[in-house]
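Below is one structure; the comments refer to it alone.
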Amino acid sequence: MRRVRPGVAAARGSAGGASPAASRPAAARPAASRLAGEERALTSVAAGENYREQQDDGKERIRPADLPRLWHVTLSVSGEEADLTEVRRALEQLAHDHPFLLTSRYAVDHAEIRYWEEARDLHDAAAVALRLWGEHRQTAGLPPWEIVGLEVIDRQTYHLRIAEGYGPAPATPVGVHPY
């Protein structure tokens, strides 16, 4: 069974009929001309058994890859306009349900949520972040918006960006705020 995101065929311009590319074997077709619904193989690079971690004091240490680390997550969502007071109430409920939420900024048609996630690696942190909005949509009463952006960076990179004066500003004040 193949799973395909809704609307993928339409987004690729397929009307459901066979294309000239369909008559060629998959190996002979360019990657950009996959058939509608044809899955793309995803690959990842494993961290290995250990990885090197730069400490705040500049020293390096080897750390087992399966120990959890902190990741700074910025999740951006947007969609059709919603009542501003309902958006605020829903984000406040999300903050109550998800205690590591640092700050949320919102408007009638978009929002940005920033928080720290504890996970073994970036893949795990990103997977949790991508589920956050959908899993809390019902319980928190969140608008039916879609995720339009995701940034996941490790703690060291976050603090390095702040120290160098670029990147996301420190999440102060904590809470839910309008843009």
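In the structure tokens, chains take letters A, B, ... by order of appearance, with residues numbered from 1 within each chain and ligands from 1 in the order shown.
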- [ ] Going by DSSP on the backbone, which bits of segment 100-143 of chain A are helix (DSSP H, G or I)? Write them as a list in words, please.
- [x] Leu122, His123, Asp124, Ala125, Ala126, Ala127, Val128, Ala129, Leu130, Arg131, Leu132, Trp133, Gly134, Glu135, His136, Arg137, Gln138, Thr139 and Ala140 of chain A
Task: Near-Leu132 of chain A list (10 Å; only C-alpha atoms; drop same-chain fewer than 6 positions) as a ChimeraX atom specification - done: /A:75,94,98,126,147
Can I get the selection written as a PDB file, in the first residue's frame, with N, CA and C atoms?
```pdb
ATOM      1  N   LEU A  75       8.219  26.556  15.369  1.00  0.00           N
ATOM      2  CA  LEU A  75       7.192  26.001  14.505  1.00  0.00           C
ATOM      3  C   LEU A  75       6.313  27.141  14.010  1.00  0.00           C
ATOM      4  N   LEU A  94      -2.596  25.443  24.649  1.00  0.00           N
ATOM      5  CA  LEU A  94      -1.459  24.655  24.170  1.00  0.00           C
ATOM      6  C   LEU A  94      -0.276  24.798  25.126  1.00  0.00           C
ATOM      7  N   HIS A  98       1.359  21.731  26.930  1.00  0.00           N
ATOM      8  CA  HIS A  98       2.753  21.452  26.545  1.00  0.00           C
ATOM      9  C   HIS A  98       3.654  22.345  27.389  1.00  0.00           C
ATOM     10  N   ALA A 126      12.408  16.843  15.437  1.00  0.00           N
ATOM     11  CA  ALA A 126      11.599  17.341  14.323  1.00  0.00           C
ATOM     12  C   ALA A 126      10.300  16.554  14.191  1.00  0.00           C
ATOM     13  N   ILE A 147       1.209  23.563   9.044  1.00  0.00           N
ATOM     14  CA  ILE A 147       2.592  23.904   9.382  1.00  0.00           C
ATOM     15  C   ILE A 147       3.270  24.385   8.109  1.00  0.00           C
TER      16      ILE A 147
END
```
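If only C-alpha atoms are the atoms counted, then among A:Glu80, A:Asp57, A:Asp154, A:Glu164 the closest residue to Ala119 of chain A is A:Asp154.
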Open item on the list: Quick one: residues within 10 Å of Val108 of chain A, only C-alpha atoms, excluding same-chain residues fewer than 6 positions away - as JSON, numbers by chain?
Closed with: {"A": [78, 79, 80, 81, 82, 83, 84, 85, 86, 87, 88, 143, 178, 179]}
Can you pull out the residues contacting Glu117 of chain A? Cut-off 8 Å, using only C-alpha atoms, and skip same-chain residues under 5 positions away; I want them as a tab-separated table (two decimals) with C-alpha atoms, in the first residue's frame.
```tsv
chain	number	residue	atom	x	y	z
A	70	LEU	CA	17.90	19.84	24.18
A	71	TRP	CA	16.73	21.21	20.83
A	72	HIS	CA	15.28	24.67	20.23
A	73	VAL	CA	12.20	24.38	18.02
A	100	PHE	CA	7.99	23.37	27.68
A	125	ALA	CA	12.91	16.43	17.79
```
- [ ] Would you please give, as a list in words, all residues of segment 61-100 of chain A that DSSP assigns to strand (DSSP E or B) based on the backbone?
- [x]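 Everything in segment 61-100 of chain A that counts as strand (DSSP E or B) is Arg61, Ile62, Arg63, Pro64, Arg69, Leu70, Trp71, His72, Val73, Thr74, Leu75, Ser76, Val77 and Ser78 of chain A.
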